[in-house]
Amino acid sequence: MEYLFTLKYQLAADDKDPDALIERLGAAGCDDALIGVGLPGRLALAFTREAESAGEAVRTALEDVQRVIPGARLIEAAPDLVGLSDMAEVVGVSRQNMRKLMLTWSGCFPVPVHDGSTSLWHLADVLAWLQEKGNYPLAQSIVDVAEVAMQVNTIKAARRLSPQASGEFDLLVR
């Protein structure tokens, strides 16, 4: 199956030549990615990768990039954190329709990860909720890759926790 996802990286100081990076990535098997180098010191790879599962697609892409650019630090795997407009685009509805769903089903609509002037949700949570409702045809590949991206980002974030903080708040956070 074909999986579409993006990996965003912070580059090490010695990996700033975009042409050399593109050449190395292509030679290492990342020729299935569009490579973006818009911000200095950053790299985004939009993959269209064939694999048996979303997990295998993302894992092999992470391994390929790590092998070629060992000093690069993963910033984010996407699609994961989304606003209403991003959600609507994935589902194929208008932003207004997505907002209406959120307000109509406020008691059971997924809780945002960040609530504020721009709220953010894990796309996997929203897609799972929509699948439960059964009214929106969703490609299983996007559901699967959103779940894997959320897992990768959660693992990355969890590594930043101190053991003390983890134990202190573990039973209090739901």
# chains A, B, ... in the order shown; residues from 1 in each chain; ligands from 1
>>> select_by_dssp(residues="chain A", states="strand (DSSP E)", output="JSON, numbers by chain")
{"A": [2, 3, 4, 5, 6, 7, 8, 9, 10, 33, 34, 35, 36, 42, 43, 44, 45, 46, 47, 48, 49, 50, 73, 74, 75, 76, 77, 78, 81, 82, 121, 122]}
>>> write_last_selection(atoms="N, CA, C and O atoms", output="compact mmCIF listing (two decimals), in the first residue's frame")
# COMPACT_ATOMS: atom_id res chain seq x y z
N GLU A 2 0.34 2.34 -0.47
CA GLU A 2 1.09 3.59 -0.56
C GLU A 2 0.70 4.50 0.62
O GLU A 2 -0.48 4.70 0.89
N TYR A 3 1.71 5.05 1.29
CA TYR A 3 1.50 5.92 2.45
C TYR A 3 2.13 7.28 2.21
O TYR A 3 3.28 7.36 1.76
N LEU A 4 1.38 8.33 2.53
CA LEU A 4 1.86 9.71 2.38
C LEU A 4 2.04 10.30 3.76
O LEU A 4 1.11 10.30 4.57
N PHE A 5 3.24 10.81 4.03
CA PHE A 5 3.55 11.41 5.32
C PHE A 5 4.75 12.33 5.16
O PHE A 5 5.46 12.27 4.15
N THR A 6 4.97 13.18 6.15
CA THR A 6 6.07 14.12 6.12
C THR A 6 6.91 14.00 7.38
O THR A 6 6.35 13.86 8.47
N LEU A 7 8.21 14.06 7.23
CA LEU A 7 9.14 14.10 8.35
C LEU A 7 9.88 15.42 8.29
O LEU A 7 10.43 15.79 7.25
N LYS A 8 9.87 16.14 9.41
CA LYS A 8 10.53 17.45 9.48
C LYS A 8 11.71 17.35 10.45
O LYS A 8 11.56 16.81 11.55
N TYR A 9 12.84 17.91 10.03
CA TYR A 9 14.08 17.79 10.80
C TYR A 9 14.76 19.13 11.04
O TYR A 9 14.66 20.04 10.21
N GLN A 10 15.50 19.19 12.15
CA GLN A 10 16.46 20.25 12.43
C GLN A 10 17.81 19.67 12.06
O GLN A 10 18.17 18.58 12.52
N ALA A 33 10.64 10.80 -1.85
CA ALA A 33 10.28 11.97 -1.04
C ALA A 33 10.55 13.26 -1.80
O ALA A 33 11.57 13.37 -2.48
N LEU A 34 9.64 14.20 -1.65
CA LEU A 34 9.90 15.56 -2.10
C LEU A 34 10.62 16.24 -0.96
O LEU A 34 10.18 16.15 0.20
N ILE A 35 11.72 16.90 -1.25
CA ILE A 35 12.57 17.47 -0.21
C ILE A 35 12.43 18.98 -0.21
O ILE A 35 12.61 19.62 -1.24
N GLY A 36 12.11 19.51 0.96
CA GLY A 36 11.99 20.95 1.11
C GLY A 36 13.06 21.48 2.03
O GLY A 36 13.30 20.92 3.10
N ARG A 42 16.74 23.62 8.40
CA ARG A 42 15.57 22.73 8.48
C ARG A 42 15.45 21.92 7.20
O ARG A 42 15.90 22.34 6.13
N LEU A 43 14.81 20.78 7.31
CA LEU A 43 14.61 19.90 6.18
C LEU A 43 13.25 19.23 6.35
O LEU A 43 12.93 18.76 7.44
N ALA A 44 12.45 19.23 5.31
CA ALA A 44 11.17 18.53 5.32
C ALA A 44 11.16 17.54 4.17
O ALA A 44 11.55 17.89 3.06
N LEU A 45 10.73 16.34 4.45
CA LEU A 45 10.65 15.30 3.43
C LEU A 45 9.21 14.80 3.36
O LEU A 45 8.72 14.21 4.33
N ALA A 46 8.55 15.03 2.23
CA ALA A 46 7.18 14.57 2.02
C ALA A 46 7.25 13.25 1.26
O ALA A 46 7.50 13.22 0.05
N PHE A 47 7.06 12.16 1.98
CA PHE A 47 7.20 10.82 1.42
C PHE A 47 5.91 10.31 0.81
O PHE A 47 4.82 10.56 1.31
N THR A 48 6.07 9.54 -0.26
CA THR A 48 5.02 8.69 -0.82
C THR A 48 5.68 7.33 -0.89
O THR A 48 6.41 7.03 -1.84
N ARG A 49 5.49 6.53 0.16
CA ARG A 49 6.28 5.31 0.31
C ARG A 49 5.39 4.07 0.27
O ARG A 49 4.37 3.99 0.94
N GLU A 50 5.82 3.10 -0.53
CA GLU A 50 5.17 1.80 -0.60
C GLU A 50 5.68 0.93 0.54
O GLU A 50 6.88 0.87 0.78
N ARG A 73 17.86 16.06 13.79
CA ARG A 73 16.93 15.78 14.89
C ARG A 73 15.51 15.91 14.39
O ARG A 73 15.13 16.94 13.83
N LEU A 74 14.70 14.88 14.60
CA LEU A 74 13.31 14.91 14.16
C LEU A 74 12.55 15.98 14.92
O LEU A 74 12.59 16.05 16.15
N ILE A 75 11.88 16.85 14.20
CA ILE A 75 11.02 17.86 14.80
C ILE A 75 9.61 17.31 14.90
O ILE A 75 8.97 17.40 15.96
N GLU A 76 9.12 16.73 13.80
CA GLU A 76 7.72 16.29 13.77
C GLU A 76 7.50 15.29 12.65
O GLU A 76 8.09 15.40 11.58
N ALA A 77 6.64 14.33 12.92
CA ALA A 77 6.10 13.46 11.88
C ALA A 77 4.68 13.93 11.62
O ALA A 77 3.93 14.22 12.56
N ALA A 78 4.31 14.02 10.36
CA ALA A 78 2.98 14.51 10.01
C ALA A 78 2.35 13.55 8.99
O ALA A 78 3.07 12.89 8.25
N LEU A 81 -0.69 16.76 14.34
CA LEU A 81 -1.40 17.88 14.94
C LEU A 81 -2.06 18.73 13.86
O LEU A 81 -1.39 19.19 12.94
N VAL A 82 -3.38 18.91 13.98
CA VAL A 82 -4.13 19.63 12.96
C VAL A 82 -5.14 20.58 13.59
O VAL A 82 -5.64 20.34 14.69
N TRP A 121 -5.74 19.30 17.35
CA TRP A 121 -6.13 17.94 17.68
C TRP A 121 -5.13 16.97 17.05
O TRP A 121 -4.47 17.30 16.07
N HIS A 122 -5.08 15.77 17.62
CA HIS A 122 -4.37 14.69 16.93
C HIS A 122 -5.31 14.22 15.82
O HIS A 122 -6.46 13.85 16.08
>>> select_by_dssp(residues="chain A", states="helix (DSSP H, G or I)", output="MDAnalysis selection string")
chainID A and resid 18:27 54:68 84:91 95:104 123:133 140:158 163:169
>>> closest_residue(among="A:Ala128, A:Val148, A:Leu161, A:Ala12", to="Pro70 of chain A", atoms="only C-alpha atoms")
A:Ala12
>>> closest_residue(among="A:Thr104, A:Ala54, A:Ala157, A:Thr118", to="Ser141 of chain A", atoms="only C-alpha atoms")
A:Ala54
>>> residues_around(residues="Leu130 of chain A", least_positions_apart="5", cutoff="10 Å", atoms="only C-alpha atoms", output="list in words")
Val91, Leu101, Phe109, Pro110, Ala124, Asp125, Asn135, Tyr136, Pro137 and Leu138 of chain A
>>> write_last_selection(atoms="N, CA and C atoms", output="short mmCIF file (atom, residue, chain, number, x, y, z; two decimals), in the first residue's frame")
data_model
loop_
_atom_site.label_atom_id
_atom_site.label_comp_id
_atom_site.auth_asym_id
_atom_site.auth_seq_id
_atom_site.Cartn_x
_atom_site.Cartn_y
_atom_site.Cartn_z
N VAL A 91 -10.62 15.27 5.46
CA VAL A 91 -11.92 14.60 5.41
C VAL A 91 -12.67 14.91 4.11
N LEU A 101 -19.65 20.11 13.03
CA LEU A 101 -19.54 18.77 13.64
C LEU A 101 -19.00 18.87 15.07
N PHE A 109 -16.93 14.79 20.74
CA PHE A 109 -15.89 15.12 19.77
C PHE A 109 -14.54 15.05 20.48
N PRO A 110 -13.51 14.57 19.82
CA PRO A 110 -12.20 14.46 20.49
C PRO A 110 -11.77 15.78 21.13
N ALA A 124 -5.35 11.52 14.20
CA ALA A 124 -5.76 10.13 14.41
C ALA A 124 -7.00 10.05 15.29
N ASP A 125 -7.09 10.89 16.32
CA ASP A 125 -8.26 10.89 17.20
C ASP A 125 -9.51 11.31 16.45
N ASN A 135 -20.14 8.14 8.78
CA ASN A 135 -20.69 8.95 7.70
C ASN A 135 -19.65 9.48 6.72
N TYR A 136 -18.39 9.24 7.00
CA TYR A 136 -17.32 9.82 6.17
C TYR A 136 -16.41 8.73 5.67
N PRO A 137 -16.35 8.56 4.34
CA PRO A 137 -15.44 7.55 3.78
C PRO A 137 -13.99 8.05 3.89
N LEU A 138 -13.19 7.31 4.61
CA LEU A 138 -11.80 7.69 4.82
C LEU A 138 -10.89 6.58 4.32
#
>>> residues_around(residues="Cys108 of chain A", least_positions_apart="5", cutoff="10 Å", atoms="only C-alpha atoms", output="ChimeraX atom specification")
/A:102-103,129
>>> closest_residue(among="A:Gln151, A:Leu127, A:Thr60, A:Asp32", to="Gly92 of chain A", atoms="only C-alpha atoms")
A:Leu127
>>> atom_distance(atom1="atom CA of Ile69 of chain A", atom2="atom CA of Glu147 of chain A")
25.3 Å
>>> residues_around(residues="Gly71 of chain A", least_positions_apart="5", cutoff="9 Å", atoms="only C-alpha atoms", output="JSON, numbers by chain")
{"A": [10, 11, 12, 13, 14, 15, 66]}
>>> write_last_selection(atoms="C-alpha atoms", output="PDB file, in the first residue's frame")
ATOM      1  CA  GLN A  10      16.455  20.249  12.432  1.00  0.00           C
ATOM      2  CA  LEU A  11      19.856  19.875  10.773  1.00  0.00           C
ATOM      3  CA  ALA A  12      23.231  19.828  12.477  1.00  0.00           C
ATOM      4  CA  ALA A  13      25.596  22.723  11.778  1.00  0.00           C
ATOM      5  CA  ASP A  14      27.684  20.644   9.341  1.00  0.00           C
ATOM      6  CA  ASP A  15      24.645  19.576   7.231  1.00  0.00           C
ATOM      7  CA  GLN A  66      19.064   8.755  10.227  1.00  0.00           C
TER       8      GLN A  66
END
